[in-house]
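Source file: work00.cif; contents: mmCIF, C-alpha atoms.
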data_target
#
loop_
_atom_site.label_atom_id
_atom_site.label_comp_id
_atom_site.auth_asym_id
_atom_site.auth_seq_id
_atom_site.Cartn_x
_atom_site.Cartn_y
_atom_site.Cartn_z
CA ALA A 66 93.54 183.08 139.80
CA ALA A 67 91.69 180.00 138.56
CA PRO A 68 93.84 177.26 136.96
CA PRO A 69 93.63 176.85 133.19
CA MET A 70 90.63 174.78 132.12
CA ASN A 71 92.70 172.49 129.89
CA SER A 72 95.28 171.38 132.50
CA GLY A 73 93.36 168.14 133.25
CA THR A 74 93.03 167.34 129.58
CA ASN A 75 96.75 167.91 129.02
CA SER A 76 97.59 165.64 131.96
CA MET A 77 95.40 162.84 130.57
CA THR A 78 96.94 163.21 127.12
CA ASN A 79 100.43 163.06 128.56
CA CYS A 80 99.49 160.00 130.62
CA THR A 81 98.12 158.19 127.55
CA LYS A 82 101.31 158.99 125.64
CA ASP A 83 103.37 157.64 128.51
CA LEU A 84 101.31 154.42 128.58
CA ARG A 85 101.73 153.99 124.84
CA ARG A 86 105.47 154.50 125.17
CA GLY A 87 105.65 151.99 128.05
CA GLY A 88 103.41 149.20 126.64
CA PHE A 89 101.72 147.80 123.54
CA THR A 90 99.00 149.37 121.46
CA LEU A 91 95.93 147.27 120.64
CA THR A 92 97.23 146.74 117.10
CA GLU A 93 100.58 145.51 118.40
CA LEU A 94 98.89 143.11 120.81
CA LEU A 95 96.71 141.68 118.05
CA ALA A 96 99.78 141.22 115.86
CA VAL A 97 101.60 139.32 118.63
CA ILE A 98 98.58 137.07 119.26
CA ALA A 99 98.32 136.34 115.55
CA LEU A 100 101.98 135.34 115.42
CA ILE A 101 101.57 133.05 118.43
CA VAL A 102 98.54 131.35 116.86
CA LEU A 103 100.39 130.92 113.57
CA ALA A 104 103.45 129.46 115.27
CA SER A 105 101.30 127.10 117.32
CA SER A 106 99.47 125.84 114.23
CA ILE A 107 102.76 125.18 112.46
CA LEU A 108 104.06 123.20 115.44
CA PHE A 109 100.81 121.25 115.64
CA VAL A 110 100.89 120.27 111.97
CA ALA A 111 104.55 119.33 112.14
CA GLY A 112 104.10 117.29 115.30
CA SER A 113 100.85 115.50 114.52
CA GLY A 114 101.11 114.40 110.92
CA GLY A 115 102.92 111.71 108.98
CA ALA A 116 103.92 108.12 109.57
CA GLY A 117 106.05 109.01 112.60
CA ALA A 118 103.05 110.29 114.55
CA ALA A 119 100.98 107.28 113.44
CA LEU A 120 103.75 104.95 114.64
CA ASP A 121 103.88 106.66 118.05
CA ASN A 122 100.12 106.33 118.40
CA SER A 123 100.31 102.68 117.32
CA LYS A 124 102.94 101.92 119.95
CA ARG A 125 100.58 103.19 122.64
CA ILE A 126 97.69 101.15 121.23
CA VAL A 127 99.70 97.91 121.08
CA ALA A 128 101.14 98.41 124.58
CA GLY A 129 97.62 99.01 125.89
CA ILE A 130 96.29 95.85 124.23
CA ALA A 131 99.17 93.80 125.63
CA SER A 132 98.44 95.14 129.11
CA GLY A 133 94.76 94.38 128.61
CA ALA A 134 95.49 90.80 127.56
CA ARG A 135 97.63 90.24 130.65
CA GLY A 136 94.91 91.78 132.83
CA GLN A 137 92.30 89.44 131.35
CA ALA A 138 94.49 86.41 132.09
CA ILE A 139 94.76 87.44 135.74
CA LEU A 140 91.11 88.47 136.03
CA LYS A 141 89.72 85.32 134.42
CA ASN A 142 92.47 83.05 135.77
CA THR A 143 92.79 81.42 132.38
CA ARG A 144 94.91 81.48 129.24
CA THR A 145 94.59 84.64 127.18
CA ARG A 146 95.78 85.50 123.68
CA LEU A 147 96.59 88.78 122.00
CA ILE A 148 95.56 88.16 118.39
CA ILE A 149 96.40 89.96 115.14
CA TYR A 150 94.41 89.58 111.93
CA THR A 151 96.69 88.03 109.29
CA ASP A 152 94.12 86.21 107.15
CA GLN A 153 95.15 85.56 103.55
CA GLY A 154 92.01 83.49 102.86
CA SER A 155 89.17 84.20 100.47
CA GLY A 156 86.99 85.74 103.16
CA ARG A 157 89.61 88.20 104.34
CA ASP A 158 88.96 91.81 105.29
CA ASP A 159 91.61 93.99 103.66
CA ASP A 160 91.02 96.83 106.12
CA LYS A 161 91.95 94.52 109.01
CA TYR A 162 94.98 92.86 107.47
CA ARG A 163 97.92 93.15 109.89
CA ARG A 164 96.23 96.22 111.49
CA PHE A 165 93.48 94.65 113.61
CA PHE A 166 94.31 93.50 117.15
CA GLY A 167 92.09 91.75 119.67
CA ILE A 168 92.02 89.74 122.92
CA VAL A 169 90.47 86.34 123.58
CA TYR A 170 90.48 84.18 126.71
CA GLU A 171 90.00 80.45 127.15
CA ASP A 172 86.66 79.25 128.51
CA ARG A 173 87.46 77.70 131.90
CA GLU A 174 84.34 75.56 131.72
CA THR A 175 85.28 74.22 128.30
CA PRO A 176 89.07 74.20 127.82
CA GLY A 177 90.13 74.61 124.20
CA GLN A 178 87.32 77.04 123.47
CA TRP A 179 87.73 80.80 123.35
CA ILE A 180 85.69 83.92 124.08
CA ALA A 181 86.32 87.45 122.77
CA ALA A 182 87.24 89.86 125.56
CA THR A 183 87.09 93.01 123.39
CA GLN A 184 85.72 94.22 120.08
CA GLY A 185 89.24 94.73 118.77
CA ASP A 186 91.25 97.78 117.70
CA HIS A 187 92.74 98.99 114.41
CA LEU A 188 96.17 100.56 114.15
CA PRO A 189 96.23 103.96 112.43
CA GLY A 190 96.32 103.86 108.64
CA GLY A 191 99.71 103.06 107.15
CA ILE A 192 101.03 101.14 110.19
CA PHE A 193 101.14 97.33 110.09
CA PHE A 194 102.22 94.34 112.15
CA ASP A 195 105.35 92.77 110.65
CA PRO A 196 105.25 88.96 111.05
CA ASP A 197 108.72 88.50 109.56
CA LEU A 198 110.37 90.58 112.29
CA SER A 199 108.07 89.31 115.05
CA ASP A 200 107.91 86.11 117.11
CA ALA A 201 104.17 85.45 116.97
CA GLU A 202 102.62 82.04 116.44
CA THR A 203 100.31 81.59 113.44
CA GLY A 204 97.40 79.39 112.44
CA PHE A 205 94.89 80.48 115.10
CA ARG A 206 91.45 80.56 113.44
CA LEU A 207 88.40 82.02 115.14
CA GLU A 208 85.26 84.03 114.45
CA TYR A 209 86.15 87.29 116.16
CA PRO A 210 84.69 89.18 117.90
CA ARG A 211 82.15 86.78 119.37
CA SER A 212 81.24 86.74 123.05
CA VAL A 213 80.18 83.08 122.97
CA SER A 214 82.51 80.19 123.63
CA GLN A 215 83.85 78.66 120.41
CA ALA A 216 86.48 76.13 119.43
CA GLU A 217 89.37 77.30 117.30
CA GLY A 218 89.70 75.97 113.78
CA SER A 219 87.15 77.97 111.79
CA GLY A 220 86.76 81.64 110.98
CA ASP A 221 89.42 84.25 110.27
CA GLY A 222 93.14 83.61 110.60
CA PHE A 223 95.19 85.29 113.33
CA SER A 224 98.74 85.42 114.60
CA TYR A 225 98.93 85.45 118.39
CA TYR A 226 100.86 85.82 121.65
CA GLU A 227 99.76 83.89 124.72
CA PHE A 228 99.59 84.71 128.44
CA SER A 229 99.32 82.03 131.13
CA SER A 230 96.51 82.09 133.68
CA ASN A 231 98.71 83.91 136.22
CA GLY A 232 99.53 86.73 133.80
CA ASN A 233 103.00 85.47 132.88
CA MET A 234 103.92 84.85 129.28
CA ALA A 235 103.51 81.30 128.03
CA THR A 236 106.97 79.69 127.86
CA GLU A 237 107.34 79.89 124.09
CA PHE A 238 106.55 83.63 124.12
CA THR A 239 109.04 84.74 126.76
CA ASN A 240 111.15 87.54 125.26
CA ALA A 241 109.10 87.36 122.05
CA ARG A 242 109.12 90.46 119.86
CA LEU A 243 106.11 92.23 118.34
CA ILE A 244 107.17 94.64 115.59
CA ILE A 245 105.07 97.26 113.80
CA ARG A 246 106.13 99.49 110.94
CA ALA A 247 105.03 101.92 108.26
CA GLY A 248 104.07 100.51 104.89
CA THR A 249 101.57 100.42 102.05
CA LEU A 250 99.04 97.62 101.52
CA ARG A 251 99.01 96.34 97.94
CA PRO A 252 96.66 93.49 97.01
CA SER A 253 98.18 91.44 94.21
CA GLY A 254 97.34 88.09 92.63
CA GLY A 255 94.68 87.21 95.16
CA THR A 256 96.95 87.84 98.16
CA LEU A 257 97.95 90.87 100.20
CA ASP A 258 101.38 92.40 100.56
CA VAL A 259 102.62 95.24 102.77
CA VAL A 260 105.34 97.10 100.90
CA VAL A 261 107.84 99.35 102.65
CA ASP A 262 108.41 102.31 100.37
CA GLU A 263 111.50 104.46 100.16
CA GLY A 264 111.74 106.71 103.19
CA GLN A 265 109.74 104.30 105.40
CA GLU A 266 112.56 101.85 106.11
CA PHE A 267 113.26 103.16 109.60
CA THR A 268 109.71 104.00 110.64
CA VAL A 269 109.58 100.88 112.76
CA ALA A 270 109.16 100.07 116.46
CA GLY A 271 107.71 97.42 118.74
CA LEU A 272 107.85 95.73 122.11
CA ILE A 273 109.29 92.66 123.83
CA PHE A 274 107.14 90.42 126.06
CA ARG A 275 108.96 89.60 129.28
CA ARG A 276 108.45 86.43 131.32
CA ALA A 277 106.30 88.14 133.96
CA GLY A 278 103.93 89.46 131.28
CA SER A 279 105.28 93.00 131.24
CA THR A 280 106.63 94.57 128.06
CA THR A 281 109.74 96.51 127.10
CA PRO A 282 109.39 99.04 124.26
CA ILE A 283 111.64 98.91 121.21
CA ASN A 284 112.13 102.48 120.04
CA ASP A 285 115.44 102.12 118.21
CA PRO A 286 114.73 101.27 114.53
CA GLU A 287 118.00 99.37 114.20
CA GLU A 288 117.08 97.19 117.18
CA ALA A 289 113.61 96.58 115.75
CA LEU A 290 115.08 95.53 112.40
CA ARG A 291 117.45 92.91 113.86
#
What is this file in structure tokens?
Amino acid sequence: AAPPMNSGTNSMTNCTKDLRRGGFTLTELLAVIALIVLASSILFVAGSGGAGAALDNSKRIVAGIASGARGQAILKNTRTRLIIYTDQGSGRDDDKYRRFFGIVYEDRETPGQWIAATQGDHLPGGIFFDPDLSDAETGFRLEYPRSVSQAEGSGDGFSYYEFSSNGNMATEFTNARLIIRAGTLRPSGGTLDVVVDEGQEFTVAGLIFRRAGSTTPINDPEEALR
């Protein structure tokens, strides 16, 4: 006798039921994917926002600029300075104040004159150089960035760290500290002030310039605040 016509259909139905029992339905898979996406977005927001993330990014920027300044000293075989905009004069640029970093090198043909090696970089908003906790020299005035040789003494005011022509730190900057921290810029009475608000006290880090021109990071807030 011929087999029942519906035996194949029953087998397929049973197979589908078995697959459903052994795996996920399309709806279940979509639900799992949605949960993964949601969890990922939460982690991204938590890990990429706030002053802590800006400080981490700033540490990388400052370390890169320091390395670039040392590289310029070796490449050009001349003195090089890492400079930080700290101008309190009438022609100041508030957006640059204690957030704008650059590199200049001394003109070998005309000692005492300087040339911009880069266009400069800003730290992320809310992160500032702290001159009180740092060991930078002050009083360096220059029109920056300019690619032509110019004598210091006019232009914007900068704090600075200096590398020797062989890439080592200049003697007075050996083991010098460069500290950055979270704060809020508040112009007042014709001057600028970076105020550390409540909750920002320990959002601070930096680096130490070693004799050979390398740097050591300062990640411990208590060490940075010493």
Nearest residue to A:Asp159 from the set A:Ala216, A:Ala181, A:Val259, A:Ile244 (distances using only C-alpha atoms):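 Using only C-alpha atoms, A:Asp159 sits closest to A:Val259.
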Atomic separation - atom CA of A:Pro286 relative to atom CA of A:Gly232, Å: 28.5 Å
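Candidate residues A:Lys161, A:Lys124, A:His187, A:Arg251 were compared for distance to A:Ile273, and the nearest is A:Lys124, using all atoms listed in the file.
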Residue with the minimum atom-to-atom distance to A:Phe228, picked from A:Pro176, A:Gly167, A:Gly278, A:Gly129 with only C-alpha atoms counted, is A:Gly278
Restricting the calculation to all atoms listed in the file: of A:Asp172, A:Glu237, A:Glu288, A:Asp195, which residue gets closest to A:Thr151? A:Asp195
Computed interatomic separation between atom CA of A:Gly255 and atom CA of A:Gln153 (Å): 8.6 Å
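Across the model, the gap from atom CA of A:Gln265 to atom CA of A:Asn284 is 14.9 Å.
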Could you list the residues chosen by the PyMOL selection byres ((chain A and resi 283) around 6) in this structure as a VMD selection string? chain A and resid 270 to 272 282 284 to 285
Could you take the residues named above and write them with C-alpha atoms, as a PDB file, in the frame of the given file?
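What follows is the written file result.pdb:
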ATOM      1  CA  ALA A 270     109.160 100.070 116.460  1.00  0.00           C
ATOM      2  CA  GLY A 271     107.710  97.420 118.740  1.00  0.00           C
ATOM      3  CA  LEU A 272     107.850  95.730 122.110  1.00  0.00           C
ATOM      4  CA  PRO A 282     109.390  99.040 124.260  1.00  0.00           C
ATOM      5  CA  ASN A 284     112.130 102.480 120.040  1.00  0.00           C
ATOM      6  CA  ASP A 285     115.440 102.120 118.210  1.00  0.00           C
TER       7      ASP A 285
END
Point out the residue among A:Ser219, A:Ser123, A:Ser230, A:Asn240 with the least atom-to-atom distance to A:Tyr170, counting only C-alpha atoms.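 Using only C-alpha atoms, the shortest distance to A:Tyr170 belongs to A:Ser230.
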Find the residues near A:Val260: any atom within 10 Å, counting only C-alpha atoms, skip ones fewer than 3 places away on the same chain, and give them as a PyMOL selection string. chain A and resi 247-251+257+263+265
Nearest residue to A:Ala116 from the set A:Tyr209, A:Phe166, A:Phe267, A:Tyr225 (distances using all atoms listed in the file): A:Phe267
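What the PyMOL selection byres ((chain A and resi 185) around 12) picks from this file is Ile126, Val127, Gly129, Ile130, Gly133, Ala134, Leu147, Ile148, Ile149, Tyr150, Lys161, Arg164, Phe165, Phe166, Gly167, Ile168, Val169, Ala181, Ala182, Thr183, Gln184, Asp186, His187, Leu188, Tyr209, Pro210 and Arg211 of chain A.
Running the PyMOL selection byres ((chain A and resi 197) around 12) on this file leaves Arg163, Phe193, Phe194, Asp195, Pro196, Leu198, Ser199, Asp200, Ala201, Glu202, Thr203, Ser224, Arg242, Leu243, Ile244, Ile245, Arg246, Val259, Ala289, Leu290 and Arg291 of chain A selected.
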Near A:Gly117, counting all atoms listed in the file, which residues have an atom at most 9 Å away, once you skip same-chain residues fewer than 5 positions from it, shown as an MDAnalysis selection string? chainID A and resid 112 122 247 268:269
